[in-house]
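One structure below.
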Amino acid sequence: MSQLVGKRITLGVTGSIAAYKAADLISQLVKYGAEVQVVMTQGATQFISPLTLQVLSRRPVSVNLWEEGKNSQPSHIELADSSDLLLVAPITAHVMAEFAHGLAPDLLTSVYLATRGPVLLCPAMNGKMYEHAATQANLKTLRARGHAIVEPAEGMLACGYEGLGKLAPVDEIVSRVLSILG
Ligand SMILES: Cc1cc2nc3c(=O)[nH]c(=O)nc-3n(C[C@H](O)[C@H](O)[C@H](O)COP(=O)(O)O)c2cc1C
């Protein structure tokens, strides 16, 4: 359980109903010894409390781009430079679109643009949103950029729709992290 000792992971959490699963993901990564710096979108804070993720990651959670430097919050450039992996789980259709198009209106998207290391993205959304031509085009762009994607699973989605779009199981995400960093 020490494969990730000394590894720094920036974990982006975005505004999906699956955001609560980030809690389990953080616990597992911390058990493997990783230092996990959580960056949440404002949307994500509607689904899970920053305090929960702060306690599990054992460090302050970053949300606001405009609070850089306050309370020793690292800058978006420092976050990108000091990290061995940018993992975004779950990633919404919206943030995938921002990443694909280089839009950087908030902290997570700014960290993404400043990142030159590996990027692992774990989409979660309603199946119709996932299969939409816009989402698929954005995924193609992100794959072509060399980013690793953990495909969503099929099953009963929180919205009651049956199909593709569930966040991949946390164990599968952890395995991909281990294969990139371990
Ligand atoms: C109850 C609820 C559940 C949602 N779940 C998802 C989701 O799983 N995936 C997704 O892409 N968007 C989902 N959305 C829409 C996003 O929350 C919305 O696009 C938001 O602007 C995303 O913000 P962010 O991408 O900056 O975090 C959901 C919205 C609501 C109200």
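Chain lettering (A, B, ...) mirrors the order of the structure tokens, residue numbering begins at 1 for each chain separately, and ligand numbering begins at 1 in order of display.
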
For the interface of chain A with ligand 1 (cut-off 6 Å, counting only C-alpha atoms and all ligand atoms), please tabulate each contacting residue of chain A alongside its nearest pair of atoms and their separation in Å to one decimal, rows sorted by chain and increasing number, as JSON lines.
```
{"residue": "A:Thr14", "atom": "CA", "partner": "ligand 1", "partner_atom_place_in_ligand_line": "27 (O)", "distance": 3.7}
{"residue": "A:Gly15", "atom": "CA", "partner": "ligand 1", "partner_atom_place_in_ligand_line": "27 (O)", "distance": 3.5}
{"residue": "A:Ser16", "atom": "CA", "partner": "ligand 1", "partner_atom_place_in_ligand_line": "7 (C)", "distance": 3.5}
{"residue": "A:Ile17", "atom": "CA", "partner": "ligand 1", "partner_atom_place_in_ligand_line": "5 (N)", "distance": 4.3}
{"residue": "A:Ala18", "atom": "CA", "partner": "ligand 1", "partner_atom_place_in_ligand_line": "8 (O)", "distance": 5.9}
{"residue": "A:Thr41", "atom": "CA", "partner": "ligand 1", "partner_atom_place_in_ligand_line": "27 (O)", "distance": 4.8}
{"residue": "A:Gly43", "atom": "CA", "partner": "ligand 1", "partner_atom_place_in_ligand_line": "27 (O)", "distance": 4.0}
{"residue": "A:Ala44", "atom": "CA", "partner": "ligand 1", "partner_atom_place_in_ligand_line": "27 (O)", "distance": 5.1}
{"residue": "A:Thr92", "atom": "CA", "partner": "ligand 1", "partner_atom_place_in_ligand_line": "11 (O)", "distance": 3.2}
{"residue": "A:Ala93", "atom": "CA", "partner": "ligand 1", "partner_atom_place_in_ligand_line": "11 (O)", "distance": 3.9}
{"residue": "A:His94", "atom": "CA", "partner": "ligand 1", "partner_atom_place_in_ligand_line": "25 (O)", "distance": 4.4}
{"residue": "A:Val95", "atom": "CA", "partner": "ligand 1", "partner_atom_place_in_ligand_line": "25 (O)", "distance": 4.6}
{"residue": "A:Ala124", "atom": "CA", "partner": "ligand 1", "partner_atom_place_in_ligand_line": "8 (O)", "distance": 5.0}
{"residue": "A:Met125", "atom": "CA", "partner": "ligand 1", "partner_atom_place_in_ligand_line": "9 (N)", "distance": 3.4}
```

Filtered DSSP result for region 48-159 of chain A, state strand (DSSP E or B), as a list in words: Ser62, Leu85, Leu86, Leu87, Val88, Ala89, Pro90, Ile91, Val119, Leu120, Leu121, Cys122, Pro123, Ala148, Ile149, Ala153, Glu154, Gly155 and Met156 of chain A

All residues 6 Å or closer to Gly127 (chain A), only C-alpha atoms, same chain fewer than 5 positions away omitted, as a list in words: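 So, after excluding close chain neighbours, the residues are Gly163, Leu164 and Gly165 of chain A.
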
Helix (DSSP H, G or I) residues, from DSSP on the backbone, in region 11-177 of chain A, as a PyMOL selection string: chain A and resi 17-31+44-46+50-57+65-67+70-72+76-81+93-101+107-114+127-131+133-144+170-177

Within 9 Å of Thr45 (chain A) using only C-alpha atoms, minus same-chain residues under 3 positions, as an mmCIF file with C-alpha atoms, in the first residue's frame:
```cif
data_model
loop_
_atom_site.group_PDB
_atom_site.id
_atom_site.type_symbol
_atom_site.label_atom_id
_atom_site.label_comp_id
_atom_site.auth_asym_id
_atom_site.auth_seq_id
_atom_site.Cartn_x
_atom_site.Cartn_y
_atom_site.Cartn_z
ATOM 1 C CA VAL A 13 -13.780 17.364 -8.520
ATOM 2 C CA THR A 14 -16.578 18.857 -10.642
ATOM 3 C CA GLY A 15 -20.345 19.323 -10.454
ATOM 4 C CA ALA A 19 -18.922 14.016 -6.828
ATOM 5 C CA MET A 40 -13.221 21.727 -6.597
ATOM 6 C CA THR A 41 -15.345 23.704 -9.024
ATOM 7 C CA GLN A 42 -18.087 25.864 -7.527
ATOM 8 C CA ILE A 48 -20.275 17.565 -1.608
ATOM 9 C CA SER A 49 -18.828 19.748 1.114
ATOM 10 C CA PRO A 50 -15.225 20.967 0.764
ATOM 11 C CA VAL A 63 -11.983 26.265 -4.933
#
```

Extract, using only C-alpha atoms, all DNA, RNA and protein residues at most 12 Å from Ser175 (chain A), discarding same-chain residues fewer than 5 positions from it, and format them as an mmCIF file with C-alpha atoms, in the first residue's frame.
```
data_model
loop_
_atom_site.group_PDB
_atom_site.id
_atom_site.type_symbol
_atom_site.label_atom_id
_atom_site.label_comp_id
_atom_site.auth_asym_id
_atom_site.auth_seq_id
_atom_site.Cartn_x
_atom_site.Cartn_y
_atom_site.Cartn_z
ATOM 1 C CA GLN A 3 3.172 2.638 -4.231
ATOM 2 C CA LEU A 4 2.184 6.309 -4.202
ATOM 3 C CA LEU A 25 -11.245 7.936 -4.148
ATOM 4 C CA GLN A 28 -7.874 5.112 -1.291
ATOM 5 C CA LEU A 29 -5.188 7.364 -2.807
ATOM 6 C CA TYR A 32 -1.452 4.282 -1.017
ATOM 7 C CA LEU A 120 -6.352 11.380 -16.237
ATOM 8 C CA VAL A 150 -11.303 6.106 -17.713
ATOM 9 C CA ALA A 168 -16.110 4.174 -13.417
ATOM 10 C CA PRO A 169 -15.651 2.185 -10.179
ATOM 11 C CA VAL A 170 -13.211 3.852 -7.789
ATOM 12 C CA ILE A 180 0.585 5.920 -14.462
ATOM 13 C CA LEU A 181 2.489 6.727 -11.250
ATOM 14 C CA GLY A 182 3.260 3.441 -9.491
#
```

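Of the residues listed (A:Ala114, A:Ile26, A:Val55, A:Cys122), A:Cys122 shows the shortest atom-to-atom separation from His147 (chain A); distances use only C-alpha atoms.
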
Exercise: Lys140 (chain A) partners within 12 Å, only C-alpha atoms, chain neighbours under 3 positions left out, as JSON, numbers by chain: {"A": [96, 97, 99, 100, 101, 133, 134, 135, 136, 137, 143, 144, 145, 146, 147, 148, 149]}

Shortest interatomic distance to Tyr130 (chain A) - which of A:Ile91, A:Val111, A:Leu178, A:Ala104, counting only C-alpha atoms: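 Counting only C-alpha atoms, the residue closest to Tyr130 (chain A) is A:Ile91.
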
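Closest to Cys159 (chain A) among A:Ala80, A:Val174, A:Val38, A:Met129 is A:Met129, based on only C-alpha atoms.
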
Closest of A:Val61, A:Ile77, A:Ile9, A:Leu56 to Ala23 (chain A) - atom-to-atom distances counting only C-alpha atoms: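 Of all the options, A:Leu56 lies closest to Ala23 (chain A).
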
Would you kindly return, as a PDB file with N, CA and C atoms, in the first residue's frame, each protein, DNA or RNA residue with an atom no farther than 12 Å from any atom of Ser72 (chain A), considering only C-alpha atoms and excluding same-chain residues fewer than 6 positions away?
```
ATOM      1  N   ARG A  59      -5.658  18.112   3.861  1.00  0.00           N
ATOM      2  CA  ARG A  59      -5.123  19.421   3.479  1.00  0.00           C
ATOM      3  C   ARG A  59      -6.260  20.316   2.965  1.00  0.00           C
ATOM      4  N   PRO A  60      -6.052  21.638   3.037  1.00  0.00           N
ATOM      5  CA  PRO A  60      -7.118  22.546   2.607  1.00  0.00           C
ATOM      6  C   PRO A  60      -7.498  22.307   1.153  1.00  0.00           C
ATOM      7  N   VAL A  61      -8.766  22.437   0.875  1.00  0.00           N
ATOM      8  CA  VAL A  61      -9.290  22.252  -0.482  1.00  0.00           C
ATOM      9  C   VAL A  61      -9.310  23.612  -1.173  1.00  0.00           C
ATOM     10  N   SER A  62      -8.889  23.631  -2.436  1.00  0.00           N
ATOM     11  CA  SER A  62      -8.897  24.887  -3.188  1.00  0.00           C
ATOM     12  C   SER A  62     -10.126  24.949  -4.086  1.00  0.00           C
ATOM     13  N   GLU A  78       1.633  27.029  -9.348  1.00  0.00           N
ATOM     14  CA  GLU A  78       2.324  26.169  -8.363  1.00  0.00           C
ATOM     15  C   GLU A  78       1.656  24.802  -8.280  1.00  0.00           C
TER      16      GLU A  78
END
```
